[in-house]
Structure formats: structure tokens, C-alpha cells
Amino acid sequence: MQGRIAPANAEWIAEAGQMIRSGALVAFPTETVYGLGADATNGEAVARVFAAKNRPTFNPLIVHVLGLEQAVIIGTFSPVARRLTDAFWPGPLTLVVPRTAKSEVSDLVSAGLPTVALRSPDHAVARALLVAAQRPLAAPSANRSGHVSATHAEHVAADLGDKAALILDSGPTTLGLESTVISLVDETPVLLRPGAVTVEAIEEVLGSRLAREDGSTDRPLSPGQLQSHYAPRAGLRLDAFDWGPDEAVLAFGGIARQPARTFINLSPSGDLVEAAANLFAALRTLDASGASTIAATPIPRHGLGEAINDRLKRAAAPRE
Ligand code: TXA
Ligand code: MG
């Protein structure tokens with residue numbers, strides 16, 4: 001049964017819950033991307049997540065919970081944090097908050113930080129798995145560390161092979177971009193990672209502008225956001241207006257089609273929601289074309305465009 005892709009029906013979700021409780025890793029769909037889940041209270045299982053992804057142990061994991069009631073056992077939620085959970089949970093918003101003293105979550109999850117990242121996924125399978133496992137689930141995106149995130153069960157299998165004991169398959173994820181990560185450790189909320197909830201929507205709830213991590217400290221607030229990330233094998237050339245016939249092309253909006261090795265338009269009608277949903281699968285397909293470079297045409301920066309551009313910038317960053 002190692003590495004098996006199984007339909008995300010009630011029987012397999014019950015089986016997956018058992019597997020989580022026995023310390024195994026189960027990949028599961030969320031509304032954003034597939035996650036590689038482990039019992040967050042089991043240090044050995046959490047350690048296996050880092051090993052399976054080849055993830056540096058200084059990069060902490062997100063803990064998935066059913067809602068605020070479970071979250072407050074693990075982290076301390078200020079009134080501002082509660083305003084955000086009221087508005088966006090369940091959903092693609094992750095909050096980094098101080099850990100509680102009584103937290104049963106393994107220290108490894110936080111990579112030595114006194115904080116913990118929590119999110120309540122808005123996906124029937126993820127929620128059913130949380131119920132079946134009866135545990136908070138530590139789950140990073142189910143891809144090799146640094147590689148393109150997985151929005152299909154097949155992407156998980158291609159990246160992680162049999163490192164997940166089971167992959168629950170419910171087809172492509174709907175949003176296609178990871179959750180937005182906000183730190184509420186200090187009084188001022190700070191954006192650590194743009195994502196599927198737009199900055200505009202968060203600022204509307206806060207009634208103020210959201211502070212940005214400025215990268216000026218030598219102790220990064222969000223350890224996962226500094227490196228080359230979301231990277232295909234091919235090089236990525238941003239803000240391209242033309243390309244050679246041997247390049248693969250990632251287009252957006254009303255771009256005239258010119259000869260290219262492979263050409264994918266994320267959204268011919270210029271819809272950022274559609275583009276976000278297609279982004280990671282498109283990068284994998286363009287990579288598989290064998291092109292040595294992917295040329296990406298410009299994408300607007302407002303709304304979900306901020307998160308899309310963030311992923312593309314990191315995907316294009318020099319590799320380690
Ligand atoms: O949509 C998502 O968030 C997906 C699905 C599976 O839930 N998960 C995901 O996890 O994207 P991951 O591990 O690929 O990204 C988690 C991000 C990383 O940038 C990590 O550094 C940051 O959250 N993070 C986690 N815990 C943190 C903490 N205590 N302090 C600061 N940043 C933290
Ligand atoms: Mg990730």
C-alpha cells in the first residue's frame with residue numbers, strides 16, 4: 001500500500017486517520033495545494049515530514065486544525081487575530097501566533113521558534129481527515145522542498161513517491177495558491193507570505209494597511225520565504241514580451257500566440273483567480289516540455305496577482 005493514490009472517500013479517509021495516528025504520513029487535498037500531513041503531536045512523525053520533503057529543519061510547518069476552539073489550545077490569539085479568524089476561517093489564511101505553554105504540538109513543528117503557524121482548511125476532505133485523525137495535522141505543501149507546489153495528486157506522487165504512505169486524491173485543488181501567512185506575534189500584523197486571501201481583503205477587515213516583512217532583520221520572520229522556491233527545473237525569465245521558438249511560454253491575458261516549444265495561457269480572459277488555479281500545474285507541464293527556459297509574460301500585481309508574482313519571482317531566483 002506504500003505510496004498509493006486512493007480516492008478520497010469515507011473508507012480511505014478513515015484508513016488515513018488511522019495511519020496518521022500510527023505516525024505515518026498522508027498527503028491530502030486542501031483548497032490551496034496538497035499537503036503532506038503528520039500528527040503534529042508526534043515528534044517522530046513530524047521529523048519524517050522534514051525528511052520526506054528534504055526540508056531544512058529551520059523552516060517551520062503549518063498546523064491544520066478544525067477551527068478556533070482547537071487552535072487556542074496550541075496558540076494565543078489576540079483580539080486582532082480573532083477578527084481575522086472570524087472573517088477568514090475556515091479558509092486560506094495562516095496565522096503565526098505565540099505558542100501556548102500547554103501545547104501538545106511537537107517543538108519540531110516550530111523549528112525552535114516560540115511561535116506556531118495555524119490554519120483551518122476549507123476543504124471537505126481535509127476537514128474529514130482532521131476529524132478521523134483526532135489530531136492537529138502538521139502539513140507543509142506536498143512537494144520536494146524548493147520545488148513547484150502540488151495541485152494534483154499525481155504531482156504529489158511524482159515529487160514524493162512512496163514517502164507518503166497514502167495520497168488522498170480528490171482531483172485538482174480549487175485555489176491553486178498557498179494560504180496567505182500573517183504574523184500576529186507583535187501588536188502589528190505583518191504579511192509573511194502573500195497568498196490566496198488578498199492583502200486588500202485583509203486590510204479591509206483590519207481597517208488599516210498591512211505591514212510587510214522588510215527583510216532587514218538577520219532573523220527572518222518567515223524562514224521559508226528567503227530561498228529560491230517554487231522552482232521548476234527550467235530557468236524562468238520574467239516579464240517577457242517575446243521569446244524564441246525553443247522557449248516554453250507562460251502567458252496571461254490577451255497575449256498574441258507566437259511559435260514556442262510549449263505555450264500555456266494561464267487565463268486568456270485575464271482572470272487572476274483562474275490564473276492562480278492553473279499556475280503550478282502549468283509550470284510543471286512547461287518544465288516537462290524539456291525547454292531550458294520558460295518565458296513568463298507580465299501579470300498584473302493587484303489582488304491575487306501579488307501572490308502569483310511572488311511565486312514567479314522566487315521560482316526565477318538563483319538556485320542554491
Ligand atoms: O496553503 C498552504 O498554506 C499549504 C497547505 C498544505 O495548507 N501549506 C503550505 O505549507 O504552504 P508550507 O510549509 O509549504 O509553507 C508554510 C510557510 C513557510 O513559508 C514557513 O516558513 C511559514 O509558513 N511558517 C510556518 N511556521 C512559521 C512560524 N512559526 N513563523 C514564521 N513562519 C512560519
Ligand atoms: Mg511549500
# chains A, B, ... in the order shown; residues from 1 in each chain; ligands from 1
>>> residues_near_ligand(ligand="ligand 2", cutoff="12 Å", atoms="only C-alpha atoms and all ligand atoms", output="PyMOL selection string")
chain A and resi 32-36+50+53-56+59-62+139-151+177-181+193+195+223-225+227-231+280+311+314-315
>>> residues_around(residues="Phe28 in chain A", least_positions_apart="4", cutoff="12 Å", atoms="only C-alpha atoms", output="JSON, numbers by chain")
{"A": [5, 6, 7, 8, 9, 12, 13, 16, 17, 20, 32, 33, 34, 35, 36, 37, 38, 64, 121, 123, 124, 125, 126, 127, 128, 129, 130, 137, 138, 139, 140, 141, 142, 143, 150, 151, 152, 153, 154, 155, 156, 157, 164, 165, 166, 167, 168, 169, 170, 171, 172, 173]}
>>> write_last_selection(atoms="N, CA and C atoms", output="compact mmCIF listing (two decimals), in the first residue's frame")
# COMPACT_ATOMS: atom_id res chain seq x y z
N ILE A 5 -2.08 6.07 -4.40
CA ILE A 5 -3.07 7.13 -4.60
C ILE A 5 -4.43 6.50 -4.43
N ALA A 6 -5.24 7.01 -3.51
CA ALA A 6 -6.55 6.42 -3.25
C ALA A 6 -7.62 7.50 -3.37
N PRO A 7 -8.82 7.11 -3.80
CA PRO A 7 -9.90 8.11 -3.87
C PRO A 7 -10.25 8.59 -2.47
N ALA A 8 -10.52 9.89 -2.36
CA ALA A 8 -10.76 10.47 -1.03
C ALA A 8 -12.21 10.21 -0.61
N ASN A 9 -12.56 8.93 -0.47
CA ASN A 9 -13.91 8.59 0.01
C ASN A 9 -13.87 8.27 1.50
N TRP A 12 -11.41 5.46 2.73
CA TRP A 12 -9.98 5.80 2.69
C TRP A 12 -9.63 6.91 3.67
N ILE A 13 -10.58 7.81 3.91
CA ILE A 13 -10.31 8.86 4.90
C ILE A 13 -10.21 8.24 6.30
N ALA A 16 -6.92 6.61 6.46
CA ALA A 16 -5.88 7.65 6.55
C ALA A 16 -5.78 8.19 7.98
N GLY A 17 -6.93 8.34 8.65
CA GLY A 17 -6.93 8.80 10.04
C GLY A 17 -6.15 7.84 10.93
N ILE A 20 -2.42 8.23 10.25
CA ILE A 20 -1.88 9.42 10.92
C ILE A 20 -1.64 9.10 12.40
N THR A 32 -6.13 24.99 -1.20
CA THR A 32 -5.00 25.71 -1.78
C THR A 32 -4.12 24.77 -2.62
N VAL A 33 -3.37 23.91 -1.93
CA VAL A 33 -2.50 22.93 -2.58
C VAL A 33 -2.59 21.64 -1.75
N TYR A 34 -2.03 20.53 -2.26
CA TYR A 34 -1.99 19.31 -1.46
C TYR A 34 -0.98 19.49 -0.32
N GLY A 35 -1.31 18.91 0.85
CA GLY A 35 -0.41 18.96 1.99
C GLY A 35 0.11 17.57 2.31
N LEU A 36 1.29 17.51 2.94
CA LEU A 36 1.84 16.23 3.41
C LEU A 36 1.66 16.22 4.92
N GLY A 37 0.68 15.44 5.40
CA GLY A 37 0.24 15.56 6.78
C GLY A 37 0.85 14.54 7.72
N ALA A 38 1.08 15.00 8.95
CA ALA A 38 1.53 14.13 10.03
C ALA A 38 0.84 14.58 11.31
N HIS A 64 -2.62 22.34 10.93
CA HIS A 64 -4.00 22.44 10.46
C HIS A 64 -4.95 21.99 11.57
N PRO A 121 -8.38 24.61 7.30
CA PRO A 121 -8.63 24.48 5.86
C PRO A 121 -10.12 24.41 5.53
N HIS A 123 -11.83 22.68 3.15
CA HIS A 123 -11.93 21.61 2.15
C HIS A 123 -12.51 20.38 2.85
N ALA A 124 -13.54 19.81 2.26
CA ALA A 124 -14.27 18.72 2.92
C ALA A 124 -13.34 17.55 3.28
N VAL A 125 -12.39 17.21 2.40
CA VAL A 125 -11.52 16.06 2.66
C VAL A 125 -10.54 16.38 3.78
N ALA A 126 -9.96 17.57 3.73
CA ALA A 126 -9.03 17.96 4.80
C ALA A 126 -9.74 17.95 6.15
N ARG A 127 -10.95 18.45 6.17
CA ARG A 127 -11.69 18.52 7.44
C ARG A 127 -12.09 17.13 7.91
N ALA A 128 -12.50 16.28 6.99
CA ALA A 128 -12.87 14.91 7.37
C ALA A 128 -11.64 14.17 7.90
N LEU A 129 -10.48 14.44 7.33
CA LEU A 129 -9.26 13.79 7.81
C LEU A 129 -8.91 14.28 9.22
N LEU A 130 -9.10 15.58 9.47
CA LEU A 130 -8.86 16.11 10.82
C LEU A 130 -9.78 15.42 11.84
N LEU A 137 -2.98 18.48 12.46
CA LEU A 137 -2.11 17.95 11.40
C LEU A 137 -1.04 18.95 11.00
N ALA A 138 0.22 18.58 11.20
CA ALA A 138 1.32 19.39 10.66
C ALA A 138 1.42 19.04 9.19
N ALA A 139 1.29 20.05 8.32
CA ALA A 139 1.31 19.73 6.89
C ALA A 139 1.88 20.88 6.07
N PRO A 140 3.08 20.68 5.55
CA PRO A 140 3.60 21.60 4.55
C PRO A 140 3.04 21.20 3.19
N SER A 141 3.29 22.01 2.18
CA SER A 141 2.87 21.63 0.84
C SER A 141 3.58 20.34 0.45
N ALA A 142 2.85 19.47 -0.29
CA ALA A 142 3.32 18.11 -0.56
C ALA A 142 4.19 18.06 -1.82
N ASN A 143 5.31 18.75 -1.76
CA ASN A 143 6.27 18.78 -2.88
C ASN A 143 7.67 18.66 -2.29
N ALA A 150 2.22 21.20 -5.25
CA ALA A 150 1.40 20.17 -5.90
C ALA A 150 -0.07 20.54 -5.83
N THR A 151 -0.71 20.66 -7.00
CA THR A 151 -2.15 20.95 -7.04
C THR A 151 -2.95 19.74 -7.54
N HIS A 152 -2.27 18.64 -7.89
CA HIS A 152 -2.92 17.39 -8.29
C HIS A 152 -2.26 16.26 -7.50
N ALA A 153 -3.02 15.18 -7.25
CA ALA A 153 -2.46 14.03 -6.53
C ALA A 153 -1.25 13.47 -7.29
N GLU A 154 -1.30 13.51 -8.62
CA GLU A 154 -0.19 12.97 -9.43
C GLU A 154 1.09 13.77 -9.21
N HIS A 155 0.95 15.08 -8.95
CA HIS A 155 2.15 15.90 -8.65
C HIS A 155 2.80 15.43 -7.35
N VAL A 156 1.95 15.07 -6.38
CA VAL A 156 2.49 14.60 -5.10
C VAL A 156 3.27 13.31 -5.33
N ALA A 157 2.65 12.40 -6.09
CA ALA A 157 3.31 11.11 -6.35
C ALA A 157 4.63 11.33 -7.09
N ALA A 164 4.99 9.30 1.11
CA ALA A 164 3.67 9.39 1.77
C ALA A 164 3.10 7.98 1.73
N ALA A 165 2.62 7.49 2.88
CA ALA A 165 2.06 6.13 2.91
C ALA A 165 0.81 6.07 2.05
N LEU A 166 0.11 7.21 1.95
CA LEU A 166 -1.14 7.26 1.19
C LEU A 166 -1.31 8.68 0.65
N ILE A 167 -1.85 8.78 -0.56
CA ILE A 167 -2.19 10.08 -1.14
C ILE A 167 -3.69 10.09 -1.39
N LEU A 168 -4.43 10.91 -0.66
CA LEU A 168 -5.88 11.02 -0.86
C LEU A 168 -6.12 11.93 -2.05
N ASP A 169 -6.78 11.37 -3.08
CA ASP A 169 -6.97 12.10 -4.34
C ASP A 169 -8.39 12.63 -4.45
N SER A 170 -8.53 13.95 -4.54
CA SER A 170 -9.86 14.48 -4.86
C SER A 170 -9.77 15.45 -6.03
N GLY A 171 -8.85 15.17 -6.95
CA GLY A 171 -8.72 15.99 -8.15
C GLY A 171 -7.95 17.27 -7.88
N PRO A 172 -7.92 18.16 -8.88
CA PRO A 172 -7.15 19.39 -8.73
C PRO A 172 -7.70 20.27 -7.61
N THR A 173 -6.82 20.99 -6.92
CA THR A 173 -7.28 21.89 -5.86
C THR A 173 -7.91 23.13 -6.51
>>> atom_distance(atom1="CA of Asp287 in chain A", atom2="CA of Arg237 in chain A")
13.0 Å
>>> closest_residue(among="A:Ser78, A:Ser292, A:Ser183, A:Gln134", to="Gln18 in chain A", atoms="only C-alpha atoms")
A:Gln134
>>> closest_residue(among="A:Leu113, A:Leu286, A:Ala277, A:Val199", to="Arg301 in chain A", atoms="only C-alpha atoms")
A:Val199
>>> closest_residue(among="A:Leu93, A:Ala158, A:Leu66, A:Ala234", to="ligand 1", atoms="only C-alpha atoms and all ligand atoms")
A:Leu93
>>> atom_distance(atom1="CA of Val109 in chain A", atom2="CA of Glu44 in chain A")
10.8 Å
>>> residues_around(residues="range 200-214 of chain A", least_positions_apart="5", cutoff="9 Å", atoms="only C-alpha atoms", output="PyMOL selection string")
chain A and resi 80+83-84+87-88+188-193+220-222+302-303
>>> write_last_selection(atoms="N, CA, C and O atoms", output="PDB file, in the first residue's frame")
ATOM      1  N   VAL A  80      -7.115  40.996  17.662  1.00  0.00           N
ATOM      2  CA  VAL A  80      -6.928  41.207  16.217  1.00  0.00           C
ATOM      3  C   VAL A  80      -6.875  39.867  15.489  1.00  0.00           C
ATOM      4  O   VAL A  80      -7.479  39.685  14.421  1.00  0.00           O
ATOM      5  N   ARG A  83     -10.284  38.620  15.059  1.00  0.00           N
ATOM      6  CA  ARG A  83     -11.023  39.290  13.982  1.00  0.00           C
ATOM      7  C   ARG A  83     -10.716  38.640  12.641  1.00  0.00           C
ATOM      8  O   ARG A  83     -11.601  38.448  11.804  1.00  0.00           O
ATOM      9  N   LEU A  84      -9.459  38.281  12.473  1.00  0.00           N
ATOM     10  CA  LEU A  84      -9.072  37.656  11.201  1.00  0.00           C
ATOM     11  C   LEU A  84      -9.630  36.236  11.076  1.00  0.00           C
ATOM     12  O   LEU A  84     -10.094  35.842  10.004  1.00  0.00           O
ATOM     13  N   ALA A  87     -13.252  36.380  10.191  1.00  0.00           N
ATOM     14  CA  ALA A  87     -13.514  36.772   8.798  1.00  0.00           C
ATOM     15  C   ALA A  87     -13.100  35.686   7.805  1.00  0.00           C
ATOM     16  O   ALA A  87     -13.751  35.507   6.780  1.00  0.00           O
ATOM     17  N   PHE A  88     -12.012  34.964   8.086  1.00  0.00           N
ATOM     18  CA  PHE A  88     -11.425  34.123   7.023  1.00  0.00           C
ATOM     19  C   PHE A  88     -11.334  32.633   7.333  1.00  0.00           C
ATOM     20  O   PHE A  88     -10.892  31.862   6.473  1.00  0.00           O
ATOM     21  N   THR A 188       1.470  44.698  15.741  1.00  0.00           N
ATOM     22  CA  THR A 188       1.126  44.990  14.345  1.00  0.00           C
ATOM     23  C   THR A 188       1.152  43.718  13.520  1.00  0.00           C
ATOM     24  O   THR A 188       2.165  43.025  13.488  1.00  0.00           O
ATOM     25  N   PRO A 189       0.068  43.396  12.822  1.00  0.00           N
ATOM     26  CA  PRO A 189       0.095  42.236  11.930  1.00  0.00           C
ATOM     27  C   PRO A 189       1.089  42.451  10.792  1.00  0.00           C
ATOM     28  O   PRO A 189       1.173  43.551  10.242  1.00  0.00           O
ATOM     29  N   VAL A 190       1.850  41.419  10.461  1.00  0.00           N
ATOM     30  CA  VAL A 190       2.846  41.525   9.393  1.00  0.00           C
ATOM     31  C   VAL A 190       2.583  40.442   8.349  1.00  0.00           C
ATOM     32  O   VAL A 190       2.395  39.268   8.698  1.00  0.00           O
ATOM     33  N   LEU A 191       2.576  40.840   7.087  1.00  0.00           N
ATOM     34  CA  LEU A 191       2.418  39.873   5.989  1.00  0.00           C
ATOM     35  C   LEU A 191       3.730  39.116   5.792  1.00  0.00           C
ATOM     36  O   LEU A 191       4.749  39.711   5.473  1.00  0.00           O
ATOM     37  N   LEU A 192       3.701  37.794   5.987  1.00  0.00           N
ATOM     38  CA  LEU A 192       4.912  36.987   5.786  1.00  0.00           C
ATOM     39  C   LEU A 192       4.922  36.339   4.396  1.00  0.00           C
ATOM     40  O   LEU A 192       5.984  36.107   3.844  1.00  0.00           O
ATOM     41  N   ARG A 193       3.739  36.006   3.894  1.00  0.00           N
ATOM     42  CA  ARG A 193       3.657  35.390   2.557  1.00  0.00           C
ATOM     43  C   ARG A 193       2.334  35.795   1.920  1.00  0.00           C
ATOM     44  O   ARG A 193       1.283  35.488   2.460  1.00  0.00           O
ATOM     45  N   PRO A 220      15.024  36.054  10.117  1.00  0.00           N
ATOM     46  CA  PRO A 220      13.831  36.202   9.283  1.00  0.00           C
ATOM     47  C   PRO A 220      12.578  35.790  10.039  1.00  0.00           C
ATOM     48  O   PRO A 220      12.574  34.807  10.764  1.00  0.00           O
ATOM     49  N   LEU A 221      11.502  36.562   9.857  1.00  0.00           N
ATOM     50  CA  LEU A 221      10.234  36.219  10.484  1.00  0.00           C
ATOM     51  C   LEU A 221       9.665  34.946   9.876  1.00  0.00           C
ATOM     52  O   LEU A 221       9.036  34.152  10.533  1.00  0.00           O
ATOM     53  N   SER A 222       9.853  34.794   8.581  1.00  0.00           N
ATOM     54  CA  SER A 222       9.314  33.625   7.894  1.00  0.00           C
ATOM     55  C   SER A 222      10.439  32.894   7.183  1.00  0.00           C
ATOM     56  O   SER A 222      10.781  33.214   6.055  1.00  0.00           O
ATOM     57  N   HIS A 302      -2.105  43.468  -8.733  1.00  0.00           N
ATOM     58  CA  HIS A 302      -3.155  43.698  -7.728  1.00  0.00           C
ATOM     59  C   HIS A 302      -3.857  42.379  -7.382  1.00  0.00           C
ATOM     60  O   HIS A 302      -3.732  41.385  -8.108  1.00  0.00           O
ATOM     61  N   GLY A 303      -4.591  42.374  -6.271  1.00  0.00           N
ATOM     62  CA  GLY A 303      -5.363  41.187  -5.874  1.00  0.00           C
ATOM     63  C   GLY A 303      -4.482  39.947  -5.813  1.00  0.00           C
ATOM     64  O   GLY A 303      -3.362  39.990  -5.283  1.00  0.00           O
TER      65      GLY A 303
END
>>> closest_residue(among="A:Leu95, A:Ala27, A:Ala117, A:Ala101", to="ligand 1", atoms="only C-alpha atoms and all ligand atoms")
A:Ala117
>>> atom_distance(atom1="CA of Ile182 in chain A", atom2="CA of Asn42 in chain A")
25.4 Å
>>> closest_residue(among="A:Leu238, A:Ala196, A:Leu118, A:Leu160", to="Gly67 in chain A", atoms="only C-alpha atoms")
A:Leu118
>>> residues_around(residues="Gly75 in chain A", least_positions_apart="4", cutoff="7 Å", atoms="only C-alpha atoms", output="NGL selection string")
:A and (71 or 97-100 or 116)
>>> select_by_dssp(residues="range 54-200 of chain A", states="strand (DSSP E)", output="ChimeraX atom specification")
/A:62-64,93-98,115-119,137-138,166-169,180-183,190-193
>>> closest_residue(among="A:Ala276, A:Asp271, A:Thr293, A:Pro298", to="Pro245 in chain A", atoms="only C-alpha atoms")
A:Thr293
